[in-house]
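A.B. asks: My structure is in my_file.tsv, and what it holds is TSV, C-alpha atoms:
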chain	number	residue	atom	x	y	z
A	1	MET	CA	115.55	94.62	70.20
A	2	SER	CA	114.75	93.00	73.56
A	3	MET	CA	114.77	94.65	76.99
A	4	TYR	CA	117.72	92.52	78.12
A	5	SER	CA	120.49	90.62	76.35
A	6	PRO	CA	121.81	87.64	78.34
A	7	LEU	CA	125.52	87.61	79.14
A	8	GLY	CA	125.55	84.29	81.01
A	9	ALA	CA	125.45	83.27	84.69
A	10	GLY	CA	122.58	85.60	85.63
A	11	ARG	CA	124.17	88.62	83.95
A	12	TYR	CA	122.33	90.84	81.47
A	13	LEU	CA	122.76	94.00	79.44
A	14	ALA	CA	119.78	96.37	79.61
A	15	SER	CA	118.61	98.15	76.45
A	16	GLU	CA	116.86	101.50	75.96
A	17	HIS	CA	113.51	99.66	76.27
A	18	THR	CA	114.07	99.57	80.05
A	19	GLN	CA	114.40	103.37	80.45
A	20	GLY	CA	112.17	104.92	83.10
A	21	PRO	CA	110.32	108.27	83.04
A	22	TRP	CA	112.32	110.04	85.75
A	23	ASP	CA	115.78	109.62	84.19
A	24	THR	CA	116.58	108.03	80.81
A	25	GLY	CA	119.82	106.70	82.30
A	26	SER	CA	117.87	104.66	84.89
A	27	GLN	CA	115.65	101.63	84.43
A	28	HIS	CA	111.94	101.45	85.00
A	29	MET	CA	111.21	99.04	87.83
A	30	GLY	CA	108.78	97.00	85.71
A	31	PRO	CA	111.33	95.33	83.42
A	32	MET	CA	113.72	94.79	86.31
A	33	SER	CA	111.01	93.09	88.39
A	34	ALA	CA	110.03	90.91	85.42
A	35	LEU	CA	113.71	89.94	85.01
A	36	ILE	CA	113.74	88.89	88.67
A	37	VAL	CA	110.74	86.64	87.98
A	38	HIS	CA	112.54	85.26	84.93
A	39	GLU	CA	115.53	84.26	87.05
A	40	LEU	CA	113.38	82.93	89.91
A	41	ALA	CA	111.59	80.62	87.47
A	42	GLN	CA	114.93	78.85	87.00
A	43	THR	CA	115.61	78.61	90.75
A	44	ALA	CA	114.61	75.32	92.43
A	45	PRO	CA	111.53	74.84	90.21
A	46	ARG	CA	109.03	72.23	91.37
A	47	PRO	CA	105.94	71.04	89.47
A	48	GLY	CA	102.74	72.10	91.20
A	49	LEU	CA	104.20	75.14	92.98
A	50	GLU	CA	103.13	78.52	91.56
A	51	LEU	CA	104.46	81.99	92.37
A	52	SER	CA	101.76	83.68	94.48
A	53	ARG	CA	103.54	86.67	96.02
A	54	LEU	CA	106.44	88.87	94.94
A	55	ALA	CA	107.83	91.72	97.04
A	56	VAL	CA	110.57	93.90	95.55
A	57	ASP	CA	112.38	96.61	97.53
A	58	VAL	CA	114.38	99.17	95.55
A	59	PHE	CA	117.51	100.73	97.06
A	60	GLY	CA	118.30	103.08	94.17
A	61	PRO	CA	117.71	103.75	90.47
A	62	VAL	CA	119.18	100.85	88.47
A	63	PRO	CA	121.41	102.18	85.66
A	64	VAL	CA	120.66	101.22	82.06
A	65	GLY	CA	123.66	98.97	81.53
A	66	GLU	CA	125.03	95.67	82.76
A	67	LEU	CA	123.42	94.05	85.79
A	68	SER	CA	123.23	90.66	87.47
A	69	VAL	CA	120.46	88.81	89.30
A	70	ARG	CA	121.39	86.47	92.15
A	71	THR	CA	118.81	84.07	93.56
A	72	ASP	CA	118.55	81.68	96.50
A	73	VAL	CA	116.09	79.43	98.33
A	74	ILE	CA	115.11	80.71	101.78
A	75	ARG	CA	112.64	77.99	102.70
A	76	ASP	CA	111.99	74.81	100.77
A	77	GLY	CA	108.86	72.77	101.43
A	78	LYS	CA	106.36	70.52	99.71
A	79	ARG	CA	103.45	72.96	99.99
A	80	VAL	CA	105.16	76.36	100.17
A	81	GLN	CA	108.53	77.64	99.07
A	82	CYS	CA	110.20	81.02	99.70
A	83	LEU	CA	112.86	82.37	97.34
A	84	SER	CA	115.04	85.46	97.32
A	85	ALA	CA	116.67	87.53	94.58
A	86	SER	CA	118.93	90.56	94.44
A	87	VAL	CA	119.88	92.85	91.58
A	88	TRP	CA	123.45	94.15	91.32
A	89	SER	CA	125.26	96.51	88.99
A	90	GLY	CA	128.98	96.71	89.60
A	91	SER	CA	129.61	96.40	93.33
A	92	ARG	CA	126.26	97.88	94.40
A	93	GLU	CA	123.02	96.09	95.25
A	94	TYR	CA	120.07	98.01	93.79
A	95	ALA	CA	117.08	95.82	94.64
A	96	ARG	CA	116.13	92.82	96.76
A	97	ALA	CA	113.09	90.58	96.41
A	98	THR	CA	111.32	87.72	98.13
A	99	ALA	CA	108.84	85.41	96.45
A	100	TRP	CA	106.42	82.78	97.74
A	101	ARG	CA	105.39	79.76	95.74
A	102	ILE	CA	102.27	77.88	96.89
A	103	ARG	CA	101.23	74.39	95.86
A	104	GLU	CA	98.37	73.91	93.44
A	105	ALA	CA	95.19	72.23	94.71
A	106	GLU	CA	91.55	72.16	93.66
A	107	THR	CA	89.57	74.82	95.52
A	108	PRO	CA	86.22	76.46	94.71
A	109	PRO	CA	86.82	79.92	93.20
A	110	SER	CA	84.84	82.86	94.57
A	111	GLY	CA	84.75	86.64	94.65
A	112	ALA	CA	86.85	87.47	91.59
A	113	ARG	CA	85.77	90.53	89.57
A	114	GLN	CA	85.21	90.49	85.85
A	115	ALA	CA	87.74	92.24	83.64
A	116	PRO	CA	86.77	95.67	82.20
A	117	LEU	CA	86.20	94.63	78.57
A	118	PRO	CA	86.40	95.26	75.68
A	119	ILE	CA	90.00	96.37	75.28
A	120	PRO	CA	90.01	99.76	73.46
A	121	GLU	CA	90.93	99.44	69.79
A	122	ASN	CA	93.33	102.39	69.63
A	123	SER	CA	96.69	102.70	71.36
A	124	SER	CA	97.46	105.78	73.43
A	125	ASP	CA	99.53	108.45	71.68
A	126	SER	CA	100.33	110.42	74.84
A	127	TRP	CA	103.80	111.11	76.22
A	128	LEU	CA	103.45	107.94	78.29
A	129	ALA	CA	103.61	105.91	75.07
A	130	THR	CA	106.27	107.97	73.30
A	131	GLY	CA	108.44	109.83	75.80
A	132	PHE	CA	110.77	107.15	77.22
A	133	GLY	CA	112.03	103.66	76.47
A	134	TYR	CA	109.74	101.56	78.66
A	135	GLY	CA	106.73	103.64	77.62
A	136	ARG	CA	107.43	102.99	73.94
A	137	ALA	CA	107.88	99.26	74.62
A	138	VAL	CA	104.31	98.91	75.93
A	139	ASP	CA	101.03	99.13	74.01
A	140	TRP	CA	98.80	101.30	76.26
A	141	ARG	CA	94.99	101.17	75.97
A	142	PHE	CA	93.18	103.44	78.47
A	143	VAL	CA	89.63	102.53	79.47
A	144	SER	CA	89.37	105.50	81.83
A	145	GLY	CA	91.73	108.13	83.21
A	146	ASP	CA	95.01	109.30	81.75
A	147	ALA	CA	98.62	109.56	82.88
A	148	PHE	CA	98.34	113.39	82.92
A	149	VAL	CA	94.85	113.68	84.41
A	150	PRO	CA	94.94	113.35	88.23
A	151	GLY	CA	92.82	110.52	89.52
A	152	PRO	CA	92.24	106.77	89.20
A	153	ALA	CA	92.81	105.01	85.89
A	154	THR	CA	91.98	101.73	84.22
A	155	VAL	CA	94.35	100.72	81.43
A	156	TRP	CA	95.16	97.61	79.41
A	157	GLY	CA	98.70	96.97	78.26
A	158	ARG	CA	100.89	94.46	76.49
A	159	VAL	CA	104.63	94.56	75.99
A	160	ARG	CA	105.74	95.03	72.38
A	161	VAL	CA	109.28	93.62	72.69
A	162	PRO	CA	110.83	90.48	74.24
A	163	LEU	CA	111.94	90.66	77.86
A	164	VAL	CA	115.06	88.53	77.29
A	165	GLU	CA	116.62	88.15	73.87
A	166	GLY	CA	115.89	84.77	72.31
A	167	GLU	CA	113.23	83.78	74.87
A	168	GLU	CA	109.45	84.02	74.82
A	169	ILE	CA	108.01	86.14	77.60
A	170	THR	CA	105.63	84.33	79.95
A	171	PRO	CA	102.22	85.62	81.11
A	172	LEU	CA	103.58	86.06	84.65
A	173	GLU	CA	106.52	88.11	83.37
A	174	ARG	CA	104.08	90.24	81.34
A	175	LEU	CA	101.99	90.91	84.44
A	176	VAL	CA	104.93	91.83	86.67
A	177	LEU	CA	106.44	94.04	83.97
A	178	PHE	CA	103.20	96.04	83.67
A	179	ALA	CA	102.10	96.01	87.33
A	180	ASP	CA	104.72	98.57	88.33
A	181	SER	CA	102.95	101.20	86.19
A	182	GLY	CA	100.10	101.71	88.66
A	183	ASN	CA	101.47	104.94	90.15
A	184	GLY	CA	102.37	106.25	86.70
A	185	VAL	CA	98.87	105.91	85.26
A	186	SER	CA	96.97	107.22	88.32
A	187	PRO	CA	98.88	110.32	89.49
A	188	THR	CA	97.53	112.75	92.06
A	189	LEU	CA	100.24	115.36	91.40
A	190	ASP	CA	101.67	117.20	88.39
A	191	PHE	CA	104.48	115.10	86.86
A	192	ALA	CA	106.34	118.28	85.87
A	193	LYS	CA	106.39	119.57	89.46
A	194	TYR	CA	106.66	116.46	91.66
A	195	LEU	CA	108.41	113.13	91.96
A	196	PHE	CA	106.25	110.21	93.07
A	197	VAL	CA	108.62	107.27	92.82
A	198	ASN	CA	107.83	103.88	94.30
A	199	VAL	CA	110.35	102.33	96.68
A	200	ASP	CA	108.72	98.91	96.50
A	201	LEU	CA	106.32	96.70	94.55
A	202	VAL	CA	104.25	93.98	96.21
A	203	ILE	CA	102.20	91.66	93.99
A	204	SER	CA	99.79	89.05	95.39
A	205	LEU	CA	98.08	86.58	93.05
A	206	PHE	CA	95.26	84.10	93.70
A	207	ARG	CA	95.56	82.50	90.26
A	208	PRO	CA	98.15	82.56	87.47
A	209	PRO	CA	97.63	85.13	84.68
A	210	ALA	CA	97.12	84.07	81.08
A	211	GLY	CA	97.52	85.72	77.68
A	212	GLU	CA	99.33	88.81	76.47
A	213	TRP	CA	96.99	91.54	77.79
A	214	ILE	CA	97.10	92.76	81.42
A	215	CYS	CA	94.80	95.39	82.92
A	216	LEU	CA	95.56	97.78	85.79
A	217	ASP	CA	92.75	99.38	87.77
A	218	ALA	CA	94.85	101.80	89.78
A	219	GLU	CA	94.32	104.52	92.37
A	220	THR	CA	96.96	106.64	94.12
A	221	ARG	CA	96.65	108.54	97.40
A	222	THR	CA	99.17	111.14	98.56
A	223	GLY	CA	99.63	112.11	102.20
A	224	PRO	CA	100.71	115.44	103.72
A	225	SER	CA	104.25	114.38	104.64
A	226	GLY	CA	106.01	113.18	101.49
A	227	ARG	CA	104.52	109.71	101.18
A	228	GLY	CA	101.96	108.08	98.94
A	229	LEU	CA	100.34	104.74	98.23
A	230	THR	CA	99.13	103.16	94.99
A	231	GLN	CA	96.72	100.22	95.06
A	232	THR	CA	96.06	98.33	91.83
A	233	THR	CA	93.72	95.49	90.93
A	234	LEU	CA	95.26	93.23	88.28
A	235	TYR	CA	93.30	91.50	85.51
A	236	ASP	CA	93.77	89.35	82.44
A	237	VAL	CA	91.02	88.98	79.85
A	238	SER	CA	89.31	86.28	81.96
A	239	GLY	CA	89.04	88.45	85.08
A	240	GLU	CA	90.80	89.46	88.27
A	241	VAL	CA	94.04	87.70	89.19
A	242	GLY	CA	95.34	89.68	92.16
A	243	THR	CA	96.61	93.02	93.44
A	244	ALA	CA	99.69	95.22	93.46
A	245	THR	CA	100.68	97.91	95.96
A	246	GLN	CA	103.43	100.52	95.79
A	247	THR	CA	104.78	102.76	98.56
A	248	LEU	CA	105.72	106.15	97.11
A	249	PHE	CA	108.43	108.66	97.89
A	250	VAL	CA	106.88	112.07	97.06
A	251	ALA	CA	108.84	115.33	96.73
A	252	PRO	CA	108.94	118.54	94.68
A	253	ARG	CA	111.28	118.37	91.71
Output the file's structure as structure tokens, nothing else.

C.D. replies:
Amino acid sequence: MSMYSPLGAGRYLASEHTQGPWDTGSQHMGPMSALIVHELAQTAPRPGLELSRLAVDVFGPVPVGELSVRTDVIRDGKRVQCLSASVWSGSREYARATAWRIREAETPPSGARQAPLPIPENSSDSWLATGFGYGRAVDWRFVSGDAFVPGPATVWGRVRVPLVEGEEITPLERLVLFADSGNGVSPTLDFAKYLFVNVDLVISLFRPPAGEWICLDAETRTGPSGRGLTQTTLYDVSGEVGTATQTLFVAPR
């Protein structure tokens, strides 16, 4: 079973593989963000322009059910292009995104970090990998840290199921799908006692990802007034590709 079944004209039906950890009736933001990227790829595509930044703002938990993704072009240019997308279920808008595409050109690479290899041989058998739909749909391989041990974490992951039924998931969709897990793998608070839900996801890439494995090197900080911040370095097996940040809403359960 895939995460989403297409219904035509940007409409999809979400499966249990999209379920998030806070409420099994609501979607994890990772699959939804990857679905946005899937729809943006079909919006005013131009050879030589690559998605370099994605910013997703979430207005509420997206229900596991039927949803639609609407896209548009904000700015069209030869060297840069700005797109928009919004996610709807029924008559309510649940998320809104902007994305920048930047033209490809030969430039000397510098400063990228090497990926933390090798990828651990054994999958995680913690609640993260068994307790909810999205968690079960991802193969988790922790290098350091743990979802229930407060502190930074480094973890490799690959999605086990298709994003959209009948279509092969792309490396960029894999990265976006997994990047939203940064706050989940590097908690500073007890999951049983606190909510630490991200209200946004901002991904910046300096090169396109490749392959099926993505690594998160994540660290979360929590402030004294109900807010937090997760900063994640993103890797594929060849090395660093960019960063992700998440602004967190923090509250007692």

A.B. asks: Considering all atoms listed in the file, can you say which of A:Ala44, A:Val87, A:Ala34, A:Ser15 comes closest to Val64 of chain A?

C.D. replies: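 Closest residue, counting all atoms listed in the file: A:Ser15.
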
A.B. asks: Please provide as a VMD selection string all residues within 7 Å of segment 3-7 of chain A, with the sequence filter that same-chain residues fewer than 4 positions apart are discarded (counting only C-alpha atoms).

C.D. replies: chain A and resid 11 to 15 17 to 18 162 to 165

A.B. asks: Create the file for the chosen residues now, containing C-alpha atoms and written as a compact mmCIF listing (two decimals), keeping the file's coordinate frame.

C.D. replies:
# COMPACT_ATOMS: atom_id res chain seq x y z
CA ARG A 11 124.17 88.62 83.95
CA TYR A 12 122.33 90.84 81.47
CA LEU A 13 122.76 94.00 79.44
CA ALA A 14 119.78 96.37 79.61
CA SER A 15 118.61 98.15 76.45
CA HIS A 17 113.51 99.66 76.27
CA THR A 18 114.07 99.57 80.05
CA PRO A 162 110.83 90.48 74.24
CA LEU A 163 111.94 90.66 77.86
CA VAL A 164 115.06 88.53 77.29
CA GLU A 165 116.62 88.15 73.87

A.B. asks: Show me, as a compact mmCIF listing (two decimals) with C-alpha atoms, in the coordinates of the input, the residues that have an atom within 9 Å of Asp236 of chain A when counting all atoms listed in the file, minus same-chain residues fewer than 5 positions from it.

C.D. replies:
# COMPACT_ATOMS: atom_id res chain seq x y z
CA ALA A 115 87.74 92.24 83.64
CA TRP A 156 95.16 97.61 79.41
CA LEU A 175 101.99 90.91 84.44
CA PRO A 209 97.63 85.13 84.68
CA ALA A 210 97.12 84.07 81.08
CA GLY A 211 97.52 85.72 77.68
CA GLU A 212 99.33 88.81 76.47
CA TRP A 213 96.99 91.54 77.79
CA ILE A 214 97.10 92.76 81.42
CA CYS A 215 94.80 95.39 82.92
CA VAL A 241 94.04 87.70 89.19

A.B. asks: Quick one, how far is atom CA of Arg101 of chain A from atom CA of Val138 of chain A?

C.D. replies: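 Going from atom CA of Arg101 of chain A over to atom CA of Val138 of chain A, I get 27.6 Å.
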
A.B. asks: Quick one: distance from atom CA of Arg96 of chain A to atom CA of Ser52 of chain A in Å, one decimal?

C.D. replies: 17.2 Å

A.B. asks: Extending 8 Å beyond the listed atoms of segment 1-5 of chain A on each side, what axis-aligned box results? I want centre and edge lengths in Å to one decimal, as lines of an AutoDock Vina configuration file.

C.D. replies:
center_x = 117.6
center_y = 92.6
center_z = 74.2
size_x = 21.7
size_y = 20.0
size_z = 23.9

A.B. asks: Using all atoms listed in the file, which of A:Gly242, A:Phe249, A:Glu121, A:Pro150 sits nearest Gly226 of chain A?

C.D. replies: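 Residue with the minimum atom-to-atom distance to Gly226 of chain A: A:Phe249.
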
A.B. asks: Counting only C-alpha atoms, write as a VMD selection string all protein and nucleic acid residues lying at most 6 Å from (91.8, 93.7, 87.3) in the file's frame.

C.D. replies: chain A and resid 115 215 to 217 233 to 235 240

A.B. asks: List as a ChimeraX atom specification the protein and nucleic acid residues near Gln81 of chain A, meaning an atom at most 6 Å away when only C-alpha atoms are counted, but skip any in the same chain fewer than 2 places from it.

C.D. replies: /A:75-77,100-101

A.B. asks: Smallest atom-to-atom distance to Val155 of chain A: which of A:Thr130, A:Thr107, A:Thr232, A:Ser86, using all atoms listed in the file?

C.D. replies: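 Between A:Thr130, A:Thr107, A:Thr232, A:Ser86, the residue approaching Val155 of chain A most closely is A:Thr232.
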
A.B. asks: Between atom CA of Ser124 of chain A and atom CA of Gly65 of chain A, what distance in Å does the model show, to one decimal?

C.D. replies: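 Spanning atom CA of Ser124 of chain A to atom CA of Gly65 of chain A is a straight-line distance of 28.3 Å.
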
A.B. asks: From the list A:Gly60, A:Gly228, A:Pro47, A:Pro187, which residue is nearest Glu93 of chain A when using all atoms listed in the file?

C.D. replies: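 Selected residue with least distance to Glu93 of chain A: A:Gly60.
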
A.B. asks: Between A:Leu195, A:Phe59, A:Val80, A:His28, which is the closest to Arg227 of chain A once you count only C-alpha atoms?

C.D. replies: A:Leu195

A.B. asks: Within 12 Å of Gly131 of chain A, counting all atoms listed in the file, which residues qualify if same-chain residues fewer than 3 places away don't, as a PyMOL selection string?

C.D. replies: chain A and resi 16-17+19-24+124-128+134-138

A.B. asks: Point out the residue among A:Trp88, A:Phe148, A:Phe196, A:Trp140 with the least atom-to-atom distance to Gln246 of chain A, counting only C-alpha atoms.

C.D. replies: A:Phe196
